[in-house]
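Dropping query-v1.pdb in here (PDB, C-alpha atoms):
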```
ATOM      1  CA  MET R  56      65.541 225.782  -4.448
ATOM      2  CA  LYS R  57      62.835 223.649  -2.797
ATOM      3  CA  LYS R  58      63.040 221.202  -5.682
ATOM      4  CA  LEU R  59      66.757 220.744  -5.086
ATOM      5  CA  LEU R  60      66.171 220.084  -1.363
ATOM      6  CA  TYR R  61      63.549 217.442  -2.170
ATOM      7  CA  ILE R  62      65.961 215.771  -4.545
ATOM      8  CA  GLN R  63      68.695 215.734  -1.906
ATOM      9  CA  TYR R  64      66.277 214.248   0.668
ATOM     10  CA  ALA R  65      65.276 211.556  -1.827
ATOM     11  CA  GLU R  66      68.892 210.733  -2.525
ATOM     12  CA  ALA R  67      69.645 210.460   1.191
ATOM     13  CA  ALA R  68      66.578 208.274   1.806
ATOM     14  CA  CYS R  69      67.575 205.886  -0.981
ATOM     15  CA  GLY R  70      71.052 205.672   0.437
ATOM     16  CA  LEU R  71      69.845 204.971   3.980
ATOM     17  CA  CYS R  72      67.467 202.274   2.775
ATOM     18  CA  LEU R  73      70.245 200.496   0.968
ATOM     19  CA  LEU R  74      72.565 200.824   3.953
ATOM     20  CA  VAL R  75      69.953 199.320   6.281
ATOM     21  CA  PHE R  76      69.350 196.518   3.811
ATOM     22  CA  SER R  77      73.082 195.859   3.684
ATOM     23  CA  ALA R  78      73.236 195.602   7.445
ATOM     24  CA  CYS R  79      70.573 192.911   7.356
ATOM     25  CA  VAL R  80      72.365 191.003   4.680
ATOM     26  CA  LYS R  81      75.591 191.231   6.670
ATOM     27  CA  ASN R  82      74.208 188.844   9.274
ATOM     28  CA  THR R  83      73.301 186.226   6.698
ATOM     29  CA  ALA R  84      75.533 186.578   3.667
ATOM     30  CA  GLY R  85      78.704 187.951   5.135
ATOM     31  CA  ILE R  86      80.844 191.009   5.067
ATOM     32  CA  ILE R  87      81.647 190.928   1.317
ATOM     33  CA  VAL R  88      78.047 191.159   0.177
ATOM     34  CA  SER R  89      77.419 193.924   2.686
ATOM     35  CA  ALA R  90      80.347 195.911   1.388
ATOM     36  CA  LEU R  91      79.230 195.533  -2.219
ATOM     37  CA  ILE R  92      75.730 196.733  -1.434
ATOM     38  CA  SER R  93      77.138 199.713   0.473
ATOM     39  CA  ILE R  94      79.282 200.656  -2.518
ATOM     40  CA  VAL R  95      76.297 200.311  -4.843
ATOM     41  CA  SER R  96      74.241 202.527  -2.571
ATOM     42  CA  ILE R  97      76.853 205.257  -2.626
ATOM     43  CA  VAL R  98      77.193 205.027  -6.404
ATOM     44  CA  MET R  99      73.410 205.262  -6.829
ATOM     45  CA  ILE R 100      73.298 208.349  -4.640
ATOM     46  CA  VAL R 101      76.010 210.002  -6.730
ATOM     47  CA  LEU R 102      74.447 208.958 -10.042
ATOM     48  CA  LEU R 103      70.989 210.101  -9.054
ATOM     49  CA  GLY R 104      72.345 213.483  -8.051
ATOM     50  CA  LYS R 105      74.457 213.790 -11.205
ATOM     51  CA  GLU R 106      71.565 212.822 -13.494
ATOM     52  CA  GLU R 107      69.324 215.395 -11.908
ATOM     53  CA  ARG R 108      72.025 218.045 -12.174
ATOM     54  CA  ILE R 109      72.481 217.193 -15.862
ATOM     55  CA  SER R 110      68.729 217.447 -16.350
ATOM     56  CA  LEU R 111      68.625 220.833 -14.665
ATOM     57  CA  TYR R 112      71.593 222.024 -16.723
ATOM     58  CA  MET R 113      69.939 220.931 -19.960
ATOM     59  CA  LYS R 114      66.709 222.658 -18.998
ATOM     60  CA  ALA R 115      68.626 225.840 -18.233
ATOM     61  CA  GLN R 116      70.411 225.696 -21.591
ATOM     62  CA  LEU R 117      67.146 225.096 -23.425
ATOM     63  CA  LYS R 118      65.639 228.053 -21.636
ATOM     64  CA  LYS R 119      68.577 230.246 -22.665
ATOM     65  CA  LYS R 120      68.334 229.013 -26.261
ATOM     66  CA  ASP R 121      64.602 229.668 -26.329
ATOM     67  CA  HIS R 122      65.192 233.180 -25.009
ATOM     68  CA  ARG R 123      67.895 233.787 -27.615
ATOM     69  CA  MET R 124      65.661 232.506 -30.413
ATOM     70  CA  ARG R 125      62.813 234.715 -29.243
ATOM     71  CA  THR R 126      65.176 237.698 -29.157
ATOM     72  CA  GLU R 127      66.443 236.953 -32.666
ATOM     73  CA  GLU R 128      62.876 236.472 -33.874
ATOM     74  CA  ASN R 129      61.879 239.819 -32.395
ATOM     75  CA  ASN R 130      64.889 241.454 -34.060
ATOM     76  CA  ASP R 131      63.910 239.896 -37.396
ATOM     77  CA  VAL R 132      60.359 241.159 -36.997
ATOM     78  CA  MET R 133      61.629 244.661 -36.216
ATOM     79  CA  ALA R 134      63.961 244.575 -39.221
ATOM     80  CA  LEU R 135      61.100 243.427 -41.439
ATOM     81  CA  ARG R 136      58.868 246.204 -40.162
ATOM     82  CA  LYS R 137      61.588 248.776 -40.884
ATOM     83  CA  ALA R 138      62.060 247.340 -44.377
ATOM     84  CA  LEU R 139      58.323 247.520 -45.003
ATOM     85  CA  ASP R 140      58.257 251.096 -43.759
ATOM     86  CA  ARG R 141      61.106 252.007 -46.113
ATOM     87  CA  ALA R 142      59.380 250.231 -49.008
ATOM     88  CA  GLU R 143      56.131 252.061 -48.286
ATOM     89  CA  TYR R 144      57.986 255.379 -48.114
ATOM     90  CA  THR R 145      59.821 254.654 -51.372
ATOM     91  CA  SER R 146      56.545 253.661 -52.999
ATOM     92  CA  LEU R 147      54.987 256.920 -51.853
ATOM     93  CA  GLN R 148      57.956 258.835 -53.252
ATOM     94  CA  SER R 149      57.632 257.069 -56.594
ATOM     95  CA  GLN R 150      54.000 258.163 -56.741
ATOM     96  CA  ILE R 151      54.773 261.795 -55.931
ATOM     97  CA  ASN R 152      57.995 262.497 -57.819
ATOM     98  CA  PRO R 153      56.873 261.564 -61.360
ATOM     99  CA  HIS R 154      53.714 263.629 -60.972
ATOM    100  CA  PHE R 155      55.751 266.670 -59.919
ATOM    101  CA  LEU R 156      58.329 266.064 -62.651
ATOM    102  CA  TYR R 157      55.792 265.767 -65.460
ATOM    103  CA  ASN R 158      53.908 268.859 -64.328
ATOM    104  CA  THR R 159      57.138 270.853 -64.169
ATOM    105  CA  LEU R 160      58.226 269.785 -67.649
ATOM    106  CA  ASP R 161      54.771 270.538 -69.004
ATOM    107  CA  SER R 162      54.936 274.019 -67.453
ATOM    108  CA  ILE R 163      58.342 274.609 -69.051
ATOM    109  CA  ARG R 164      57.002 273.454 -72.412
ATOM    110  CA  SER R 165      53.947 275.733 -72.179
ATOM    111  CA  LYS R 166      56.066 278.731 -71.178
ATOM    112  CA  ALA R 167      58.522 278.047 -74.000
ATOM    113  CA  LEU R 168      55.711 277.905 -76.563
ATOM    114  CA  LEU R 169      54.313 281.209 -75.293
ATOM    115  CA  GLU R 170      57.764 282.775 -75.667
ATOM    116  CA  GLY R 171      58.205 281.326 -79.135
ATOM    117  CA  GLN R 172      61.012 278.981 -78.033
ATOM    118  CA  GLY R 173      60.065 275.908 -80.029
ATOM    119  CA  ASP R 174      63.371 274.089 -79.425
ATOM    120  CA  ILE R 175      63.023 274.361 -75.653
ATOM    121  CA  ALA R 176      59.390 273.242 -75.821
ATOM    122  CA  ASP R 177      60.400 270.240 -77.924
ATOM    123  CA  MET R 178      63.170 269.294 -75.498
ATOM    124  CA  ALA R 179      60.816 269.524 -72.503
ATOM    125  CA  GLU R 180      58.352 267.258 -74.293
ATOM    126  CA  LYS R 181      61.086 264.723 -75.152
ATOM    127  CA  LEU R 182      62.286 264.745 -71.544
ATOM    128  CA  ALA R 183      58.768 264.113 -70.252
ATOM    129  CA  VAL R 184      58.345 261.123 -72.584
ATOM    130  CA  PHE R 185      61.835 259.861 -71.706
ATOM    131  CA  PHE R 186      61.282 259.965 -67.943
ATOM    132  CA  ARG R 187      57.798 258.523 -68.231
ATOM    133  CA  TYR R 188      59.286 255.464 -69.944
ATOM    134  CA  CYS R 189      62.026 255.178 -67.292
ATOM    135  CA  ILE R 190      59.845 255.693 -64.230
ATOM    136  CA  SER R 191      56.234 254.889 -64.955
ATOM    137  CA  ASN R 192      56.514 251.822 -67.192
ATOM    138  CA  ARG R 193      56.395 248.827 -64.830
ATOM    139  CA  GLU R 194      56.538 246.130 -67.510
ATOM    140  CA  HIS R 195      59.715 244.071 -67.312
ATOM    141  CA  LEU R 196      59.599 243.004 -70.960
ATOM    142  CA  VAL R 197      58.757 245.465 -73.720
ATOM    143  CA  LYS R 198      58.792 245.213 -77.491
ATOM    144  CA  ILE R 199      62.017 246.117 -79.253
ATOM    145  CA  ARG R 200      60.205 248.897 -81.123
ATOM    146  CA  GLU R 201      59.416 250.540 -77.744
ATOM    147  CA  GLU R 202      63.089 250.422 -76.755
ATOM    148  CA  LEU R 203      64.027 251.955 -80.106
ATOM    149  CA  LYS R 204      61.492 254.753 -79.610
ATOM    150  CA  HIS R 205      63.047 255.402 -76.207
ATOM    151  CA  ILE R 206      66.508 255.494 -77.802
ATOM    152  CA  ASP R 207      65.286 257.961 -80.420
ATOM    153  CA  ASP R 208      63.958 260.263 -77.674
ATOM    154  CA  TYR R 209      67.312 260.008 -75.883
ATOM    155  CA  TYR R 210      69.158 260.806 -79.124
ATOM    156  CA  HIS R 211      67.152 263.976 -79.732
ATOM    157  CA  ILE R 212      67.699 265.107 -76.138
ATOM    158  CA  GLN R 213      71.463 264.647 -76.525
ATOM    159  CA  LYS R 214      71.404 266.514 -79.839
ATOM    160  CA  PHE R 215      70.481 269.659 -77.897
ATOM    161  CA  ARG R 216      73.811 269.317 -76.124
ATOM    162  CA  PHE R 217      76.122 267.916 -78.799
ATOM    163  CA  GLY R 218      74.579 269.420 -81.917
ATOM    164  CA  ASP R 219      76.188 267.941 -85.031
ATOM    165  CA  ARG R 220      79.077 266.329 -83.164
ATOM    166  CA  PHE R 221      77.479 262.893 -83.531
ATOM    167  CA  GLU R 222      74.821 261.021 -85.479
ATOM    168  CA  MET R 223      72.894 257.838 -84.763
ATOM    169  CA  ASN R 224      71.569 255.288 -87.241
ATOM    170  CA  ILE R 225      69.144 252.449 -86.508
ATOM    171  CA  SER R 226      68.558 249.519 -88.841
ATOM    172  CA  VAL R 227      66.210 246.586 -88.208
ATOM    173  CA  GLU R 228      66.337 243.559 -90.491
ATOM    174  CA  ASN R 229      62.538 243.241 -90.708
ATOM    175  CA  ASP R 230      59.375 244.473 -89.009
ATOM    176  CA  GLU R 231      58.773 241.146 -87.280
ATOM    177  CA  ILE R 232      61.947 241.538 -85.199
ATOM    178  CA  ALA R 233      60.681 244.845 -83.792
ATOM    179  CA  ASP R 234      57.788 242.955 -82.181
ATOM    180  CA  PHE R 235      60.063 240.602 -80.247
ATOM    181  CA  TYR R 236      60.558 241.344 -76.551
ATOM    182  CA  ILE R 237      63.538 242.738 -74.667
ATOM    183  CA  PRO R 238      64.083 243.696 -71.000
ATOM    184  CA  ARG R 239      63.089 247.319 -70.546
ATOM    185  CA  MET R 240      65.964 249.854 -70.347
ATOM    186  CA  THR R 241      68.495 247.552 -72.022
ATOM    187  CA  LEU R 242      69.662 249.735 -74.910
ATOM    188  CA  GLN R 243      69.783 253.283 -73.534
ATOM    189  CA  PRO R 244      72.552 252.773 -70.910
ATOM    190  CA  ILE R 245      74.757 251.079 -73.526
ATOM    191  CA  VAL R 246      74.160 253.897 -76.022
ATOM    192  CA  GLU R 247      74.929 256.402 -73.256
ATOM    193  CA  ASN R 248      78.228 254.637 -72.542
ATOM    194  CA  ALA R 249      79.097 254.703 -76.235
ATOM    195  CA  LEU R 250      78.400 258.432 -76.348
ATOM    196  CA  HIS R 251      80.104 259.591 -73.171
ATOM    197  CA  HIS R 252      82.999 257.129 -72.890
ATOM    198  CA  GLY R 253      83.683 256.641 -76.585
ATOM    199  CA  ILE R 254      82.617 259.481 -78.825
ATOM    200  CA  GLU R 255      83.240 262.305 -76.327
ATOM    201  CA  LYS R 256      86.861 261.166 -76.001
ATOM    202  CA  SER R 257      87.411 261.173 -79.753
ATOM    203  CA  THR R 258      88.239 264.193 -81.900
ATOM    204  CA  ARG R 259      86.396 262.968 -85.012
ATOM    205  CA  LYS R 260      82.661 263.264 -85.584
ATOM    206  CA  GLY R 261      80.884 260.508 -83.719
ATOM    207  CA  LEU R 262      78.652 257.828 -85.143
ATOM    208  CA  ILE R 263      76.497 255.361 -83.199
ATOM    209  CA  ASP R 264      75.091 252.549 -85.289
ATOM    210  CA  ILE R 265      72.407 250.163 -83.982
ATOM    211  CA  ARG R 266      71.822 247.027 -86.060
ATOM    212  CA  ILE R 267      69.222 244.386 -85.190
ATOM    213  CA  ILE R 268      69.106 241.048 -86.987
ATOM    214  CA  GLU R 269      67.550 237.631 -86.479
ATOM    215  CA  ASN R 270      70.116 234.857 -86.050
ATOM    216  CA  GLY R 271      68.381 231.477 -86.034
ATOM    217  CA  HIS R 272      66.125 231.429 -82.977
ATOM    218  CA  ASP R 273      67.904 234.431 -81.457
ATOM    219  CA  VAL R 274      67.947 238.194 -81.892
ATOM    220  CA  GLU R 275      71.325 239.918 -82.180
ATOM    221  CA  ILE R 276      71.605 243.629 -81.416
ATOM    222  CA  THR R 277      74.921 245.346 -82.151
ATOM    223  CA  ILE R 278      75.560 248.866 -80.849
ATOM    224  CA  SER R 279      78.697 250.244 -82.506
ATOM    225  CA  ASP R 280      80.536 253.519 -82.063
ATOM    226  CA  ASN R 281      83.575 254.995 -83.805
ATOM    227  CA  GLY R 282      84.943 256.474 -80.590
ATOM    228  CA  ALA R 283      88.102 256.034 -78.549
ATOM    229  CA  GLY R 284      87.826 252.261 -78.172
ATOM    230  CA  MET R 285      89.545 250.154 -75.501
ATOM    231  CA  ASP R 286      92.922 248.542 -75.146
ATOM    232  CA  LEU R 287      93.156 244.769 -74.817
ATOM    233  CA  ALA R 288      93.420 244.809 -71.008
ATOM    234  CA  ASP R 289      90.262 246.907 -70.546
ATOM    235  CA  LEU R 290      88.387 244.838 -73.124
ATOM    236  CA  ARG R 291      89.339 241.575 -71.429
ATOM    237  CA  ARG R 292      88.382 242.953 -68.009
ATOM    238  CA  LEU R 293      85.006 244.161 -69.249
ATOM    239  CA  ASN R 294      84.131 240.837 -70.887
ATOM    240  CA  GLU R 295      85.224 238.966 -67.752
ATOM    241  CA  ASN R 296      82.892 241.199 -65.772
ATOM    242  CA  MET R 297      80.114 240.262 -68.181
ATOM    243  CA  GLU R 298      80.773 236.565 -67.580
ATOM    244  CA  ASN R 299      81.096 236.912 -63.807
ATOM    245  CA  MET R 300      78.378 239.584 -63.591
ATOM    246  CA  SER R 301      80.624 241.571 -61.264
ATOM    247  CA  GLU R 302      80.269 245.297 -60.707
ATOM    248  CA  THR R 303      83.508 247.107 -61.511
ATOM    249  CA  ARG R 304      84.512 250.046 -63.628
ATOM    250  CA  THR R 305      86.824 249.879 -66.615
ATOM    251  CA  GLY R 306      88.638 252.743 -68.251
ATOM    252  CA  ARG R 307      86.259 252.726 -71.203
ATOM    253  CA  HIS R 308      82.803 251.805 -70.011
ATOM    254  CA  ASN R 309      80.743 252.018 -66.871
ATOM    255  CA  GLY R 310      80.952 248.334 -65.974
ATOM    256  CA  ILE R 311      78.382 248.672 -63.198
ATOM    257  CA  ALA R 312      75.531 249.689 -65.526
ATOM    258  CA  VAL R 313      76.493 247.168 -68.199
ATOM    259  CA  SER R 314      76.886 244.334 -65.672
ATOM    260  CA  ASN R 315      73.440 245.092 -64.278
ATOM    261  CA  ILE R 316      71.930 244.897 -67.762
ATOM    262  CA  ASN R 317      73.748 241.637 -68.432
ATOM    263  CA  ARG R 318      72.511 240.249 -65.114
ATOM    264  CA  ARG R 319      68.893 241.089 -65.959
ATOM    265  CA  ILE R 320      69.195 239.442 -69.367
ATOM    266  CA  ARG R 321      70.603 236.236 -67.892
ATOM    267  CA  MET R 322      68.099 236.138 -65.057
ATOM    268  CA  THR R 323      65.300 236.444 -67.593
ATOM    269  CA  PHE R 324      66.473 234.286 -70.491
ATOM    270  CA  GLY R 325      69.320 232.087 -69.233
ATOM    271  CA  GLU R 326      73.112 231.973 -69.029
ATOM    272  CA  GLU R 327      73.575 231.511 -72.781
ATOM    273  CA  TYR R 328      72.349 235.070 -73.435
ATOM    274  CA  GLY R 329      73.806 238.446 -72.562
ATOM    275  CA  ILE R 330      76.332 241.074 -73.678
ATOM    276  CA  HIS R 331      79.769 240.700 -75.240
ATOM    277  CA  TYR R 332      82.153 243.468 -76.289
ATOM    278  CA  ARG R 333      84.537 243.845 -79.216
ATOM    279  CA  SER R 334      86.910 246.812 -79.385
ATOM    280  CA  MET R 335      90.210 248.200 -80.624
ATOM    281  CA  LYS R 336      92.047 251.213 -79.286
ATOM    282  CA  ASP R 337      91.181 254.337 -81.344
ATOM    283  CA  ALA R 338      88.943 252.243 -83.621
ATOM    284  CA  GLY R 339      85.624 252.156 -81.756
ATOM    285  CA  THR R 340      83.645 249.548 -79.840
ATOM    286  CA  ASP R 341      80.876 247.041 -80.544
ATOM    287  CA  ALA R 342      78.466 245.914 -77.824
ATOM    288  CA  VAL R 343      76.755 242.720 -79.000
ATOM    289  CA  ILE R 344      73.526 241.766 -77.201
ATOM    290  CA  THR R 345      72.143 238.268 -77.778
ATOM    291  CA  LEU R 346      68.517 237.525 -76.845
ATOM    292  CA  PRO R 347      66.037 234.764 -77.645
ATOM    293  CA  ALA R 348      63.351 235.624 -80.192
ATOM    294  CA  VAL R 349      60.493 236.079 -77.707
ATOM    295  CA  ASP R 350      57.124 236.802 -79.289
ATOM    296  CA  ASP R 351      53.652 237.381 -77.828
ATOM    297  CA  PHE R 352      53.052 233.638 -77.413
ATOM    298  CA  SER R 353      56.234 232.889 -75.453
ATOM    299  CA  ARG R 354      56.453 236.094 -73.423
ATOM    300  CA  SER R 355      54.475 234.817 -70.411
ATOM    301  CA  ALA R 356      56.990 232.032 -69.763
ATOM    302  CA  TYR R 357      59.826 234.545 -69.418
ATOM    303  CA  ASP R 358      57.761 236.907 -67.268
ATOM    304  CA  LEU R 359      57.149 233.975 -64.883
ATOM    305  CA  ARG R 360      60.828 233.091 -64.890
ATOM    306  CA  LYS R 361      61.709 236.661 -63.948
ATOM    307  CA  GLU R 362      59.262 236.619 -61.017
ATOM    308  CA  GLU R 363      60.747 233.352 -59.731
ATOM    309  CA  SER R 364      64.249 234.823 -59.905
TER     310      SER R 364
END
```

Will you turn the file into structure tokens for me?
Amino acid sequence: MKKLLYIQYAEAACGLCLLVFSACVKNTAGIIVSALISIVSIVMIVLLGKEERISLYMKAQLKKKDHRMRTEENNDVMALRKALDRAEYTSLQSQINPHFLYNTLDSIRSKALLEGQGDIADMAEKLAVFFRYCISNREHLVKIREELKHIDDYYHIQKFRFGDRFEMNISVENDEIADFYIPRMTLQPIVENALHHGIEKSTRKGLIDIRIIENGHDVEITISDNGAGMDLADLRRLNENMENMSETRTGRHNGIAVSNINRRIRMTFGEEYGIHYRSMKDAGTDAVITLPAVDDFSRSAYDLRKEES
């Protein structure tokens, strides 16, 4: 408030000085010059006041903006702290839950062996190995032979439920291919889809066939089932979801899980790789996975690419 009064006094003083000067000039240069100087004095008073008001307005706006930015910054900091707290809590959970799970399964296995229930003991052991691979293995890329071992464990677990209703065959073109790398947990969700959305809906005995071949500089993995298959509309929708990496469900497959796998493959290896489906209604489905032939020498480059993504 005092600053505004000082400004007003200064404006008035400037105006008075100019008016006095104009009066002096009036005696020598005439009425016209005096009038012009008087007008100029008034204009200067107005302009000086307006400029100062603009300056004060701008300062006020800057102050408001600074306050808003500080508020937003504080909100961002709070959000970050909450996110870190959640991450720490989730990390703690991930350390506790597997330990409890493995101990429980081991207890079930031991009890089953004591009771002479070898099948139950075997299933508990397979489950422990299965979950350990899902939860505890932090490597993004694993060798194809590790994925196939995981699939074999999954197959034997499902055999407890389905019995002889389905079989699974695995064929690898040569041993060298099994040492190439693949994103962890790529095959099992696709095999699970083939089992639950294909074979379960068919009345004939189910067959899941996994074939792995080397195609030039790439690896091609085909997971086939003789289940219910898809009509043309569902097949087209699923393949479009693969291209767009969108998360939707089709009538035949869980598009969310498959799209997530496809997204991981493309993030790791590039847009030219991924999953494509072939299918006919009542004639089964093929899921074709195309990957680069990544060996021990080239693996580090793709691990780095994944981290940057």

Please write the residues picked by the PyMOL selection byres ((chain R and resi 201) around 12) on this file as a CSV table (one decimal) with C-alpha atoms, keeping the file's coordinate frame.
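Result saved to expr14.csv:
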```csv
chain,number,residue,atom,x,y,z
R,184,VAL,CA,58.3,261.1,-72.6
R,185,PHE,CA,61.8,259.9,-71.7
R,188,TYR,CA,59.3,255.5,-69.9
R,189,CYS,CA,62.0,255.2,-67.3
R,192,ASN,CA,56.5,251.8,-67.2
R,194,GLU,CA,56.5,246.1,-67.5
R,196,LEU,CA,59.6,243.0,-71.0
R,197,VAL,CA,58.8,245.5,-73.7
R,198,LYS,CA,58.8,245.2,-77.5
R,199,ILE,CA,62.0,246.1,-79.3
R,200,ARG,CA,60.2,248.9,-81.1
R,202,GLU,CA,63.1,250.4,-76.8
R,203,LEU,CA,64.0,252.0,-80.1
R,204,LYS,CA,61.5,254.8,-79.6
R,205,HIS,CA,63.0,255.4,-76.2
R,206,ILE,CA,66.5,255.5,-77.8
R,207,ASP,CA,65.3,258.0,-80.4
R,208,ASP,CA,64.0,260.3,-77.7
R,232,ILE,CA,61.9,241.5,-85.2
R,233,ALA,CA,60.7,244.8,-83.8
R,234,ASP,CA,57.8,243.0,-82.2
R,235,PHE,CA,60.1,240.6,-80.2
R,236,TYR,CA,60.6,241.3,-76.6
R,237,ILE,CA,63.5,242.7,-74.7
R,238,PRO,CA,64.1,243.7,-71.0
R,239,ARG,CA,63.1,247.3,-70.5
R,240,MET,CA,66.0,249.9,-70.3
R,241,THR,CA,68.5,247.6,-72.0
R,242,LEU,CA,69.7,249.7,-74.9
R,243,GLN,CA,69.8,253.3,-73.5
```

Margin query: Going by the chain IDs and residue numbers used in this file, which residues fall under the PyMOL selection byres ((chain R and resi 346-354) around 10)? Write them as a PyMOL selection string.
Written below: chain R and resi 196-198+231-238+269-276+320-321+323-325+327-330+343-345+355-359

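If you measure from each of R:His251, R:Met285, R:Asn294, R:His195 to Arg216 in chain R using all atoms listed in the file, the closest one turns out to be R:His251.
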
Check: Which residues match the PyMOL selection byres ((chain R and resi 287) around 12) in the file above, as number ranges by chain?
Finding: R: 284-286, 288-294, 305-307, 332-337, 340

Export of prior selection with C-alpha atoms as an mmCIF file, in the coordinates of the input:
```cif
data_model
loop_
_atom_site.group_PDB
_atom_site.id
_atom_site.type_symbol
_atom_site.label_atom_id
_atom_site.label_comp_id
_atom_site.auth_asym_id
_atom_site.auth_seq_id
_atom_site.Cartn_x
_atom_site.Cartn_y
_atom_site.Cartn_z
ATOM 1 C CA GLY R 284 87.826 252.261 -78.172
ATOM 2 C CA MET R 285 89.545 250.154 -75.501
ATOM 3 C CA ASP R 286 92.922 248.542 -75.146
ATOM 4 C CA ALA R 288 93.420 244.809 -71.008
ATOM 5 C CA ASP R 289 90.262 246.907 -70.546
ATOM 6 C CA LEU R 290 88.387 244.838 -73.124
ATOM 7 C CA ARG R 291 89.339 241.575 -71.429
ATOM 8 C CA ARG R 292 88.382 242.953 -68.009
ATOM 9 C CA LEU R 293 85.006 244.161 -69.249
ATOM 10 C CA ASN R 294 84.131 240.837 -70.887
ATOM 11 C CA THR R 305 86.824 249.879 -66.615
ATOM 12 C CA GLY R 306 88.638 252.743 -68.251
ATOM 13 C CA ARG R 307 86.259 252.726 -71.203
ATOM 14 C CA TYR R 332 82.153 243.468 -76.289
ATOM 15 C CA ARG R 333 84.537 243.845 -79.216
ATOM 16 C CA SER R 334 86.910 246.812 -79.385
ATOM 17 C CA MET R 335 90.210 248.200 -80.624
ATOM 18 C CA LYS R 336 92.047 251.213 -79.286
ATOM 19 C CA ASP R 337 91.181 254.337 -81.344
ATOM 20 C CA THR R 340 83.645 249.548 -79.840
#
```

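What separates CA of Leu182 in chain R from CA of Leu168 in chain R is a distance of 15.5 Å.
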